[in-house]
$ cat input39.tsv   # TSV, C-alpha atoms
chain	number	residue	atom	x	y	z
A	1	MET	CA	28.30	34.58	38.62
A	2	SER	CA	29.52	33.75	35.13
A	3	ASP	CA	30.32	36.46	32.60
A	4	THR	CA	29.61	34.03	29.76
A	5	PRO	CA	26.93	35.52	27.50
A	6	PRO	CA	23.74	33.43	27.30
A	7	LYS	CA	23.84	33.43	23.50
A	8	VAL	CA	26.37	33.18	20.69
A	9	LEU	CA	26.11	35.75	17.89
A	10	VAL	CA	26.58	34.23	14.42
A	11	GLN	CA	26.25	35.90	11.02
A	12	ALA	CA	23.36	34.58	8.92
A	13	ASP	CA	25.54	33.48	6.00
A	14	ASP	CA	27.88	31.58	8.33
A	15	LEU	CA	24.97	29.93	10.09
A	16	ARG	CA	23.40	28.99	6.76
A	17	SER	CA	26.55	27.36	5.37
A	18	PHE	CA	27.29	25.67	8.71
A	19	SER	CA	23.80	24.21	8.95
A	20	ALA	CA	23.90	23.08	5.33
A	21	ALA	CA	27.22	21.33	5.89
A	22	LEU	CA	25.80	19.46	8.90
A	23	LEU	CA	22.67	18.43	7.01
A	24	GLU	CA	24.73	17.26	4.04
A	25	LYS	CA	26.75	15.07	6.39
A	26	GLY	CA	23.40	13.83	7.67
A	27	GLY	CA	22.66	12.45	4.22
A	28	LEU	CA	20.95	15.21	2.24
A	29	SER	CA	22.20	16.23	-1.19
A	30	PRO	CA	24.03	19.59	-1.30
A	31	GLU	CA	20.98	21.23	-2.92
A	32	HIS	CA	18.49	19.83	-0.41
A	33	ALA	CA	20.80	20.59	2.52
A	34	ALA	CA	21.09	24.22	1.39
A	35	THR	CA	17.31	24.52	0.97
A	36	THR	CA	16.63	23.09	4.43
A	37	ALA	CA	19.25	25.29	6.06
A	38	ASP	CA	17.77	28.36	4.37
A	39	VAL	CA	14.37	27.64	5.92
A	40	PHE	CA	15.89	27.38	9.40
A	41	VAL	CA	17.97	30.54	9.05
A	42	TRP	CA	14.98	32.45	7.63
A	43	ALA	CA	13.02	31.58	10.78
A	44	ALA	CA	15.96	32.45	13.04
A	45	LEU	CA	16.41	35.81	11.33
A	46	ARG	CA	12.77	36.69	11.98
A	47	GLY	CA	12.99	35.71	15.64
A	48	VAL	CA	11.02	32.46	15.27
A	49	ASP	CA	13.66	30.55	17.19
A	50	SER	CA	11.38	27.56	17.85
A	51	HIS	CA	11.60	26.80	14.10
A	52	GLY	CA	15.09	28.17	13.63
A	53	ILE	CA	18.57	26.77	13.93
A	54	ALA	CA	17.64	24.59	16.90
A	55	ARG	CA	15.88	22.34	14.39
A	56	VAL	CA	19.14	21.20	12.78
A	57	PRO	CA	19.98	18.54	15.40
A	58	ALA	CA	16.37	17.33	15.34
A	59	TYR	CA	16.50	16.92	11.56
A	60	LEU	CA	19.82	15.08	11.81
A	61	ASP	CA	18.06	12.65	14.17
A	62	LEU	CA	15.09	12.30	11.80
A	63	LEU	CA	17.50	11.46	8.98
A	64	ALA	CA	19.57	9.07	11.10
A	65	LYS	CA	16.47	7.17	12.24
A	66	GLY	CA	15.06	6.98	8.72
A	67	VAL	CA	11.97	8.96	9.66
A	68	ALA	CA	13.01	11.50	7.03
A	69	ASN	CA	14.12	10.11	3.68
A	70	ALA	CA	17.41	11.63	2.54
A	71	GLN	CA	17.11	9.95	-0.86
A	72	ALA	CA	13.44	10.79	-1.47
A	73	GLU	CA	12.14	10.52	-5.02
A	74	ILE	CA	9.79	13.48	-5.31
A	75	LYS	CA	7.11	13.15	-8.00
A	76	VAL	CA	4.51	15.62	-9.21
A	77	GLU	CA	1.20	14.33	-10.57
A	78	SER	CA	-1.43	16.48	-12.24
A	79	THR	CA	-4.60	16.04	-14.27
A	80	THR	CA	-5.41	19.75	-14.62
A	81	PRO	CA	-3.21	22.83	-15.19
A	82	ALA	CA	-4.27	24.58	-11.98
A	83	ALA	CA	-3.66	21.76	-9.51
A	84	ALA	CA	-1.07	19.13	-8.71
A	85	VAL	CA	-0.08	16.66	-6.02
A	86	LEU	CA	3.55	16.43	-4.96
A	87	HIS	CA	4.46	12.99	-3.62
A	88	ALA	CA	7.21	13.80	-1.12
A	89	ASP	CA	8.31	10.23	-0.33
A	90	ARG	CA	9.03	11.38	3.26
A	91	ALA	CA	11.42	14.11	2.12
A	92	PRO	CA	12.11	16.77	4.77
A	93	GLY	CA	9.41	19.44	4.74
A	94	PRO	CA	11.70	22.26	3.57
A	95	VAL	CA	12.64	20.23	0.50
A	96	ALA	CA	9.10	19.18	-0.38
A	97	LEU	CA	7.33	22.47	0.30
A	98	SER	CA	9.96	24.59	-1.45
A	99	ALA	CA	9.43	22.47	-4.56
A	100	ALA	CA	5.66	22.79	-4.13
A	101	ALA	CA	5.89	26.59	-3.85
A	102	ASP	CA	7.87	26.79	-7.09
A	103	GLU	CA	5.36	24.49	-8.79
A	104	ALA	CA	2.40	26.59	-7.59
A	105	VAL	CA	3.96	29.83	-8.85
A	106	SER	CA	4.78	28.33	-12.24
A	107	ARG	CA	1.22	27.09	-12.72
A	108	ALA	CA	-0.42	30.26	-11.41
A	109	ARG	CA	1.43	32.33	-14.00
A	110	THR	CA	-0.69	30.54	-16.60
A	111	THR	CA	-3.92	29.76	-14.76
A	112	GLY	CA	-4.19	32.79	-12.44
A	113	ILE	CA	-4.51	30.61	-9.37
A	114	ALA	CA	-2.94	27.24	-8.67
A	115	SER	CA	-2.73	24.80	-5.77
A	116	VAL	CA	-0.22	22.08	-4.99
A	117	GLY	CA	-0.93	19.43	-2.37
A	118	VAL	CA	2.05	17.86	-0.62
A	119	ARG	CA	1.64	14.21	0.32
A	120	GLU	CA	3.62	12.54	3.12
A	121	THR	CA	6.44	14.87	4.00
A	122	VAL	CA	8.24	15.12	7.34
A	123	HIS	CA	8.03	18.22	9.55
A	124	THR	CA	7.43	21.26	7.37
A	125	GLY	CA	9.27	23.87	9.42
A	126	ALA	CA	8.03	27.49	9.37
A	127	ILE	CA	5.38	27.55	6.64
A	128	GLY	CA	5.66	31.32	6.47
A	129	TYR	CA	8.84	30.69	4.49
A	130	TYR	CA	7.03	28.98	1.61
A	131	VAL	CA	4.24	31.50	1.22
A	132	SER	CA	6.89	34.23	1.42
A	133	LYS	CA	8.69	32.56	-1.49
A	134	ILE	CA	5.46	32.89	-3.45
A	135	ALA	CA	5.03	36.55	-2.42
A	136	GLU	CA	8.59	37.30	-3.54
A	137	GLN	CA	7.40	36.48	-7.06
A	138	GLY	CA	4.62	39.08	-6.80
A	139	LEU	CA	1.88	36.53	-6.09
A	140	VAL	CA	-0.23	35.96	-3.00
A	141	GLY	CA	0.78	32.80	-1.12
A	142	ILE	CA	-1.54	30.73	1.06
A	143	GLY	CA	-0.54	27.59	2.95
A	144	PHE	CA	-2.07	24.98	5.25
A	145	VAL	CA	-0.40	22.08	7.04
A	146	ALA	CA	-1.80	19.04	8.84
A	147	GLY	CA	0.25	16.80	11.09
A	148	MET	CA	0.14	14.32	13.94
A	149	PRO	CA	-2.56	14.95	16.58
A	150	ASN	CA	-0.96	16.69	19.55
A	151	MET	CA	-3.62	19.21	20.62
A	152	GLY	CA	-6.96	19.09	22.37
A	153	TYR	CA	-10.30	19.34	20.60
A	154	THR	CA	-13.33	20.92	22.24
A	155	GLY	CA	-15.31	18.19	23.97
A	156	VAL	CA	-12.71	15.42	23.47
A	157	LYS	CA	-10.70	13.76	26.24
A	158	GLY	CA	-7.00	13.83	25.41
A	159	ALA	CA	-5.09	14.83	22.27
A	160	ALA	CA	-7.30	14.78	19.19
A	161	VAL	CA	-6.10	17.07	16.38
A	162	ALA	CA	-2.86	18.74	15.30
A	163	THR	CA	-1.63	22.28	15.94
A	164	SER	CA	-2.08	22.75	12.21
A	165	PRO	CA	-0.77	26.11	10.97
A	166	LEU	CA	-2.04	28.58	8.40
A	167	ALA	CA	0.10	31.14	6.57
A	168	ILE	CA	-0.74	33.94	4.13
A	169	ALA	CA	1.78	36.23	2.44
A	170	VAL	CA	0.77	39.30	0.44
A	171	PRO	CA	3.42	41.24	-1.51
A	172	SER	CA	3.74	45.00	-1.08
A	173	GLU	CA	5.89	47.51	-2.90
A	174	GLY	CA	5.93	50.26	-0.26
A	175	HIS	CA	6.01	48.09	2.86
A	176	ALA	CA	7.38	44.78	4.07
A	177	PRO	CA	5.07	41.99	2.84
A	178	LEU	CA	2.13	41.11	5.01
A	179	LEU	CA	2.84	37.70	6.53
A	180	LEU	CA	0.29	35.98	8.71
A	181	ASP	CA	1.77	32.78	10.13
A	182	MET	CA	-0.19	31.16	12.94
A	183	ALA	CA	-0.98	27.80	14.48
A	184	THR	CA	-4.43	26.71	15.55
A	185	ALA	CA	-3.16	26.30	19.13
A	186	THR	CA	-3.28	28.89	21.89
A	187	ILE	CA	0.36	28.21	22.74
A	188	ALA	CA	3.19	26.40	21.00
A	189	LEU	CA	4.53	23.11	22.34
A	190	GLY	CA	7.95	24.75	22.51
A	191	LYS	CA	6.55	27.43	24.83
A	192	ILE	CA	5.22	24.71	27.15
A	193	ARG	CA	8.68	23.12	27.26
A	194	GLN	CA	10.28	26.50	27.99
A	195	ALA	CA	7.79	27.16	30.79
A	196	LYS	CA	8.53	23.74	32.24
A	197	ALA	CA	12.27	24.37	32.18
A	198	SER	CA	11.90	27.73	33.94
A	199	ASP	CA	8.99	26.64	36.17
A	200	THR	CA	6.89	29.53	34.88
A	201	PRO	CA	3.10	29.25	35.17
A	202	LEU	CA	1.24	28.96	31.87
A	203	PRO	CA	-1.59	31.31	30.86
A	204	GLU	CA	-5.14	30.26	31.69
A	205	GLY	CA	-6.72	28.10	28.99
A	206	ALA	CA	-3.49	27.58	27.05
A	207	ALA	CA	-2.52	24.01	27.91
A	208	ALA	CA	-3.88	20.79	29.34
A	209	THR	CA	-2.88	17.56	31.05
A	210	GLU	CA	-2.81	14.25	29.21
A	211	ASP	CA	-6.55	13.70	29.75
A	212	GLY	CA	-7.41	17.18	28.47
A	213	THR	CA	-7.90	18.95	31.81
A	214	PRO	CA	-6.81	22.62	31.50
A	215	THR	CA	-3.83	23.51	33.68
A	216	THR	CA	-1.44	26.37	34.32
A	217	ASP	CA	1.14	24.03	35.85
A	218	PRO	CA	3.94	23.60	33.29
A	219	SER	CA	5.08	20.34	34.88
A	220	ALA	CA	1.61	18.82	34.36
A	221	ALA	CA	0.94	20.26	30.88
A	222	VAL	CA	1.54	17.93	27.95
A	223	MET	CA	-0.43	19.52	25.14
A	224	PRO	CA	-1.72	22.90	23.97
A	225	LEU	CA	-5.39	23.77	23.75
A	226	PRO	CA	-6.97	25.08	20.54
A	227	LEU	CA	-7.04	28.80	19.84
A	228	GLY	CA	-10.51	30.16	20.59
A	229	GLY	CA	-11.79	26.77	21.69
A	230	ALA	CA	-14.13	25.40	19.03
A	231	LYS	CA	-12.73	27.85	16.45
A	232	GLY	CA	-9.18	26.49	16.63
A	233	SER	CA	-10.50	22.94	16.84
A	234	GLY	CA	-12.58	23.41	13.73
A	235	MET	CA	-9.75	25.04	11.79
A	236	SER	CA	-7.42	22.13	12.54
A	237	LEU	CA	-9.98	19.57	11.44
A	238	ALA	CA	-10.71	21.56	8.28
A	239	PHE	CA	-6.99	21.70	7.45
A	240	GLU	CA	-6.82	17.91	7.79
A	241	LEU	CA	-9.55	17.64	5.17
A	242	LEU	CA	-7.97	20.27	2.89
A	243	THR	CA	-4.55	18.64	2.99
A	244	SER	CA	-4.32	15.04	4.14
A	245	VAL	CA	-7.68	13.77	2.94
A	246	LEU	CA	-7.49	15.82	-0.26
A	247	VAL	CA	-4.23	14.16	-1.34
A	248	GLY	CA	-5.28	10.67	-0.26
A	249	ALA	CA	-3.01	10.48	2.78
A	250	PRO	CA	-5.29	10.84	5.82
A	251	ILE	CA	-3.61	11.27	9.20
A	252	PHE	CA	-6.40	11.90	11.72
A	253	ALA	CA	-8.49	8.79	11.08
A	254	GLN	CA	-5.47	6.47	10.97
A	255	PHE	CA	-3.95	8.02	14.10
A	256	HIS	CA	-7.11	7.24	16.09
A	257	SER	CA	-7.45	3.72	14.62
A	258	ASP	CA	-5.95	0.46	15.87
A	259	ASP	CA	-3.38	0.46	13.06
A	260	PRO	CA	0.10	1.03	14.63
A	261	LYS	CA	1.26	2.58	11.35
A	262	GLY	CA	-1.17	5.41	12.05
A	263	ARG	CA	1.25	6.77	14.66
A	264	LYS	CA	4.16	7.06	12.22
A	265	HIS	CA	5.26	10.70	11.95
A	266	ARG	CA	4.21	12.46	8.75
A	267	GLN	CA	2.72	15.73	7.57
A	268	ASN	CA	0.77	16.96	4.55
A	269	ALA	CA	0.32	20.45	3.14
A	270	LEU	CA	-1.49	22.56	0.58
A	271	LEU	CA	0.10	25.61	-1.02
A	272	ILE	CA	-1.90	28.05	-3.15
A	273	ALA	CA	-0.50	30.79	-5.38
A	274	VAL	CA	-2.75	33.62	-6.60
A	275	ASP	CA	-1.61	35.93	-9.42
A	276	PRO	CA	-3.09	39.45	-8.95
A	277	ALA	CA	-2.78	39.99	-12.70
A	278	ALA	CA	-5.70	37.60	-13.17
A	279	PHE	CA	-7.95	39.63	-10.86
A	280	GLY	CA	-7.92	43.08	-12.39
A	281	GLY	CA	-4.22	43.84	-12.63
A	282	ALA	CA	-1.04	43.54	-10.58
A	283	GLU	CA	-0.40	47.30	-10.50
A	284	ALA	CA	-3.83	48.14	-9.09
A	285	PHE	CA	-3.48	45.38	-6.51
A	286	ALA	CA	-0.06	46.64	-5.40
A	287	GLU	CA	-1.43	50.16	-5.01
A	288	GLY	CA	-4.38	48.86	-3.03
A	289	VAL	CA	-2.18	46.81	-0.70
A	290	ASP	CA	0.08	49.78	-0.01
A	291	ALA	CA	-2.93	52.05	0.59
A	292	THR	CA	-4.47	49.52	2.97
A	293	LEU	CA	-1.31	49.00	5.01
A	294	GLY	CA	-0.57	52.72	5.00
A	295	THR	CA	-4.06	53.48	6.25
A	296	LEU	CA	-3.67	50.96	9.07
A	297	LYS	CA	-0.33	52.46	10.08
A	298	GLY	CA	-1.93	55.90	10.16
A	299	LEU	CA	-4.71	55.00	12.59
A	300	PRO	CA	-4.61	56.44	16.14
A	301	VAL	CA	-2.45	54.43	18.52
A	302	ALA	CA	-4.26	53.11	21.57
A	303	GLU	CA	-3.05	54.19	24.97
A	304	GLY	CA	-0.29	51.89	26.21
A	305	ALA	CA	0.26	50.27	22.82
A	306	GLU	CA	3.73	50.20	21.25
A	307	GLY	CA	2.27	51.12	17.89
A	308	VAL	CA	0.04	49.80	15.11
A	309	PHE	CA	1.50	46.82	13.28
A	310	TYR	CA	0.29	44.47	10.56
A	311	PRO	CA	1.20	40.74	10.49
A	312	GLY	CA	4.84	40.18	9.60
A	313	GLU	CA	5.92	43.79	10.05
A	314	ARG	CA	7.78	43.39	13.32
A	315	SER	CA	9.39	40.08	12.34
A	316	ALA	CA	10.64	41.77	9.16
A	317	GLY	CA	12.24	44.41	11.37
A	318	VAL	CA	13.86	41.72	13.50
A	319	ALA	CA	15.19	40.07	10.33
A	320	SER	CA	16.74	43.34	9.21
A	321	ALA	CA	18.45	43.88	12.57
A	322	ARG	CA	19.68	40.32	12.87
A	323	GLY	CA	20.87	40.41	9.28
A	324	GLN	CA	23.19	43.25	10.23
A	325	LYS	CA	24.24	42.26	13.74
A	326	GLY	CA	24.06	38.48	13.58
A	327	ILE	CA	21.67	35.83	14.86
A	328	PRO	CA	21.73	35.13	18.61
A	329	VAL	CA	21.91	31.36	19.14
A	330	PRO	CA	21.21	30.00	22.65
A	331	ARG	CA	24.40	28.60	24.11
A	332	LYS	CA	22.81	25.19	24.72
A	333	VAL	CA	21.77	25.00	21.05
A	334	TRP	CA	25.21	26.15	19.92
A	335	GLN	CA	26.86	23.48	22.07
A	336	ASP	CA	24.62	20.84	20.48
A	337	LEU	CA	25.52	22.11	17.00
A	338	THR	CA	29.26	22.15	17.70
A	339	ASP	CA	29.10	18.68	19.24
A	340	ARG	CA	27.38	17.41	16.07
A	341	ALA	CA	29.99	19.20	13.98
A	342	SER	CA	32.78	17.45	15.88
A	343	GLU	CA	31.12	14.07	15.34
A	344	LEU	CA	30.55	14.69	11.62
A	345	GLY	CA	33.83	16.44	10.84
A	346	VAL	CA	32.30	19.82	9.97
A	347	ALA	CA	34.18	23.07	10.54
A	348	VAL	CA	32.57	25.45	13.06
A	349	PRO	CA	32.33	29.12	12.03
A	350	ALA	CA	34.26	31.57	14.17
$ encode --input "input39.tsv" --output "structure tokens"
Amino acid sequence: MSDTPPKVLVQADDLRSFSAALLEKGGLSPEHAATTADVFVWAALRGVDSHGIARVPAYLDLLAKGVANAQAEIKVESTTPAAAVLHADRAPGPVALSAAADEAVSRARTTGIASVGVRETVHTGAIGYYVSKIAEQGLVGIGFVAGMPNMGYTGVKGAAVATSPLAIAVPSEGHAPLLLDMATATIALGKIRQAKASDTPLPEGAAATEDGTPTTDPSAAVMPLPLGGAKGSGMSLAFELLTSVLVGAPIFAQFHSDDPKGRKHRQNALLIAVDPAAFGGAEAFAEGVDATLGTLKGLPVAEGAEGVFYPGERSAGVASARGQKGIPVPRKVWQDLTDRASELGVAVPA
């Protein structure tokens, strides 16, 4: 047996600068590379490893293949103070959505509530990051994303809609912010791949074969099934309308058409910022949020439960621990990163 640990422990700051250096070599500007790296490290800190540092090599490939545009010319168009459309020009999602979050906050300071649609970006990463950026400014952040169809739809044979995520962040003074970050799928594609690698049976009703037949066999599963059946299906379709169709960049209809361009990878998003000051006062809202979360935490714990938690609480705890001890990076991922670093002439942190 080998005594080699299964993971490499790396400090967050080192991982952030290392990732940024790789992405800059991949073609991104220093500013955009730093922004993208911050999104990945944020996810890794919170234990969302599927959207964490393992995404760096994938983004380098997207940039190398021209799927992601390293020299994107981002433009913001608006005909009303409370709404805007950000034309991403296939910029990486972290670049486009970070800019959209800042734009939404700036507008909401004046209008009370503001929305920014993101048109034609490439893989958004963990959307909890962007709504959290809004919450850090004392506002409520809401986000939706629509992407390429890769999930079943109730009553349809084969892949029909995307595993479109929803995220909501609510600031709190006495607690970690509430952060709900969920996909419309029962299980993530990454979880299916992990189950396949370890030959672990999948939960009932979580995944399906190519023709949409539910299966627990990880070797036969190719796509996730929607969360709650028709509920997850409907949410995904609604998010397509609220993002893609709203900004004039439909994905679903083109994907299922005969146009080969309809299969080109792209994503759209909608970010909304809500200023509590416009709804009766920020101070009263903060007190109400703390009272609500405190009340939840004070409810009786069910037998066998680890405790009572609100969305985002445990991942905030993971972030705190990993911030102190370092982020565990799977050895296979670390090897991929160091191989890329060797190819690109980037120094590897100790």
$ residues_around --input "input39.tsv" --residues "Ala70 of chain A" --least-positions-apart "6" --cutoff "12 Å" --atoms "all atoms listed in the file" --output "list in words"
Leu23, Glu24, Lys25, Gly26, Gly27, Leu28, Ser29, Pro30, Glu31, His32, Ala33, Thr36, Tyr59, Leu60, Asp61, Leu62, Leu63, Ala64, Ala88, Asp89, Arg90, Ala91, Pro92, Gly93, Val95, Ala96, Thr121 and Val122 of chain A
$ residues_around --input "input39.tsv" --residues "Glu313 of chain A" --least-positions-apart "2" --cutoff "9 Å" --atoms "only C-alpha atoms" --output "number ranges by chain"
A: 175-179, 309-311, 315-318
$ atom_distance --input "input39.tsv" --atom1 "atom CA of Leu337 of chain A" --atom2 "atom CA of Ala44 of chain A"
14.6 Å
$ closest_residue --input "input39.tsv" --among "A:Ala114, A:Ile134, A:Ala21, A:Ile168" --to "Ala101 of chain A" --atoms "only C-alpha atoms"
A:Ile134
$ closest_residue --input "input39.tsv" --among "A:Ala238, A:Ala220, A:Val333, A:Ala83" --to "Phe252 of chain A" --atoms "all atoms listed in the file"
A:Ala238
$ closest_residue --input "input39.tsv" --among "A:Ala319, A:Val156, A:Ala208, A:Ala341" --to "Val56 of chain A" --atoms "only C-alpha atoms"
A:Ala341
$ closest_residue --input "input39.tsv" --among "A:Asp49, A:Leu242, A:Ala253, A:Asn69" --to "Phe144 of chain A" --atoms "all atoms listed in the file"
A:Leu242
$ atom_distance --input "input39.tsv" --atom1 "atom CA of Tyr130 of chain A" --atom2 "atom CA of His51 of chain A"
13.5 Å
$ axis_aligned_box --input "input39.tsv" --around "segment 196-206 of chain A" --padding-each-side "4 Å" --output "JSON"
{"center_x": 2.8, "center_y": 27.5, "center_z": 31.6, "size_x": 27.0, "size_y": 15.6, "size_z": 17.1}
$ closest_residue --input "input39.tsv" --among "A:Ala159, A:Ala249, A:Val308, A:Val67" --to "Ser233 of chain A" --atoms "all atoms listed in the file"
A:Ala159
$ closest_residue --input "input39.tsv" --among "A:Lys157, A:Arg55, A:Arg193, A:Lys75" --to "Ala126 of chain A" --atoms "only C-alpha atoms"
A:Arg55
$ residues_around --input "input39.tsv" --residues "Ala135 of chain A" --least-positions-apart "3" --cutoff "10 Å" --atoms "all atoms listed in the file" --output "list in words"
Val105, Tyr129, Tyr130, Val131, Ser132, Gly138, Leu139, Val140, Gly141, Ile142, Ile168, Ala169, Val170, Pro171, Ser172, Pro177, Leu178, Leu179, Ala273, Val274 and Asp275 of chain A
$ decode --input "input39.tsv" --residues "segment 307-315 of chain A" --atoms "all heavy atoms" --output "PDB file, in the first residue's frame"
ATOM      1  N   GLY A 307     -28.031  18.383  13.243  1.00  0.00           N
ATOM      2  CA  GLY A 307     -28.351  19.717  13.738  1.00  0.00           C
ATOM      3  C   GLY A 307     -29.333  20.372  12.790  1.00  0.00           C
ATOM      4  O   GLY A 307     -29.804  19.767  11.828  1.00  0.00           O
ATOM      5  N   VAL A 308     -29.647  21.633  13.058  1.00  0.00           N
ATOM      6  CA  VAL A 308     -30.544  22.397  12.187  1.00  0.00           C
ATOM      7  C   VAL A 308     -29.700  23.444  11.464  1.00  0.00           C
ATOM      8  O   VAL A 308     -29.047  24.274  12.106  1.00  0.00           O
ATOM      9  CB  VAL A 308     -31.653  23.080  13.011  1.00  0.00           C
ATOM     10  CG1 VAL A 308     -32.549  23.903  12.092  1.00  0.00           C
ATOM     11  CG2 VAL A 308     -32.474  22.042  13.770  1.00  0.00           C
ATOM     12  N   PHE A 309     -29.716  23.398  10.153  1.00  0.00           N
ATOM     13  CA  PHE A 309     -28.867  24.281   9.354  1.00  0.00           C
ATOM     14  C   PHE A 309     -29.694  25.004   8.299  1.00  0.00           C
ATOM     15  O   PHE A 309     -30.658  24.455   7.771  1.00  0.00           O
ATOM     16  CB  PHE A 309     -27.765  23.485   8.652  1.00  0.00           C
ATOM     17  CG  PHE A 309     -26.898  22.684   9.591  1.00  0.00           C
ATOM     18  CD1 PHE A 309     -27.156  21.338   9.813  1.00  0.00           C
ATOM     19  CD2 PHE A 309     -25.838  23.276  10.246  1.00  0.00           C
ATOM     20  CE1 PHE A 309     -26.365  20.584  10.670  1.00  0.00           C
ATOM     21  CE2 PHE A 309     -25.037  22.548  11.115  1.00  0.00           C
ATOM     22  CZ  PHE A 309     -25.302  21.204  11.332  1.00  0.00           C
ATOM     23  N   TYR A 310     -29.316  26.221   7.979  1.00  0.00           N
ATOM     24  CA  TYR A 310     -29.944  26.945   6.880  1.00  0.00           C
ATOM     25  C   TYR A 310     -29.004  26.895   5.671  1.00  0.00           C
ATOM     26  O   TYR A 310     -27.802  26.612   5.819  1.00  0.00           O
ATOM     27  CB  TYR A 310     -30.280  28.387   7.276  1.00  0.00           C
ATOM     28  CG  TYR A 310     -29.102  29.234   7.696  1.00  0.00           C
ATOM     29  CD1 TYR A 310     -28.329  29.920   6.755  1.00  0.00           C
ATOM     30  CD2 TYR A 310     -28.757  29.376   9.048  1.00  0.00           C
ATOM     31  CE1 TYR A 310     -27.254  30.700   7.139  1.00  0.00           C
ATOM     32  CE2 TYR A 310     -27.682  30.159   9.432  1.00  0.00           C
ATOM     33  CZ  TYR A 310     -26.939  30.819   8.472  1.00  0.00           C
ATOM     34  OH  TYR A 310     -25.874  31.589   8.853  1.00  0.00           O
ATOM     35  N   PRO A 311     -29.508  27.134   4.459  1.00  0.00           N
ATOM     36  CA  PRO A 311     -28.674  27.045   3.259  1.00  0.00           C
ATOM     37  C   PRO A 311     -27.432  27.932   3.337  1.00  0.00           C
ATOM     38  O   PRO A 311     -27.518  29.111   3.649  1.00  0.00           O
ATOM     39  CB  PRO A 311     -29.620  27.517   2.140  1.00  0.00           C
ATOM     40  CG  PRO A 311     -30.978  27.204   2.647  1.00  0.00           C
ATOM     41  CD  PRO A 311     -30.919  27.448   4.131  1.00  0.00           C
ATOM     42  N   GLY A 312     -26.294  27.338   3.069  1.00  0.00           N
ATOM     43  CA  GLY A 312     -25.035  28.074   3.053  1.00  0.00           C
ATOM     44  C   GLY A 312     -24.288  28.060   4.368  1.00  0.00           C
ATOM     45  O   GLY A 312     -23.109  28.420   4.419  1.00  0.00           O
ATOM     46  N   GLU A 313     -24.943  27.630   5.451  1.00  0.00           N
ATOM     47  CA  GLU A 313     -24.299  27.679   6.761  1.00  0.00           C
ATOM     48  C   GLU A 313     -23.124  26.713   6.848  1.00  0.00           C
ATOM     49  O   GLU A 313     -22.026  27.074   7.295  1.00  0.00           O
ATOM     50  CB  GLU A 313     -25.323  27.358   7.850  1.00  0.00           C
ATOM     51  CG  GLU A 313     -24.750  27.412   9.264  1.00  0.00           C
ATOM     52  CD  GLU A 313     -25.774  27.035  10.323  1.00  0.00           C
ATOM     53  OE1 GLU A 313     -26.928  26.703   9.954  1.00  0.00           O
ATOM     54  OE2 GLU A 313     -25.422  27.082  11.514  1.00  0.00           O
ATOM     55  N   ARG A 314     -23.355  25.478   6.442  1.00  0.00           N
ATOM     56  CA  ARG A 314     -22.284  24.489   6.562  1.00  0.00           C
ATOM     57  C   ARG A 314     -21.143  24.761   5.580  1.00  0.00           C
ATOM     58  O   ARG A 314     -19.974  24.574   5.932  1.00  0.00           O
ATOM     59  CB  ARG A 314     -22.859  23.085   6.353  1.00  0.00           C
ATOM     60  CG  ARG A 314     -23.565  22.561   7.601  1.00  0.00           C
ATOM     61  CD  ARG A 314     -24.120  21.174   7.432  1.00  0.00           C
ATOM     62  NE  ARG A 314     -25.325  21.159   6.605  1.00  0.00           N
ATOM     63  CZ  ARG A 314     -26.114  20.104   6.480  1.00  0.00           C
ATOM     64  NH1 ARG A 314     -25.826  18.976   7.119  1.00  0.00           N
ATOM     65  NH2 ARG A 314     -27.191  20.160   5.730  1.00  0.00           N
ATOM     66  N   SER A 315     -21.462  25.225   4.380  1.00  0.00           N
ATOM     67  CA  SER A 315     -20.391  25.521   3.428  1.00  0.00           C
ATOM     68  C   SER A 315     -19.562  26.717   3.888  1.00  0.00           C
ATOM     69  O   SER A 315     -18.361  26.789   3.626  1.00  0.00           O
ATOM     70  CB  SER A 315     -20.961  25.772   2.026  1.00  0.00           C
ATOM     71  OG  SER A 315     -21.843  26.867   2.016  1.00  0.00           O
TER      72      SER A 315
END
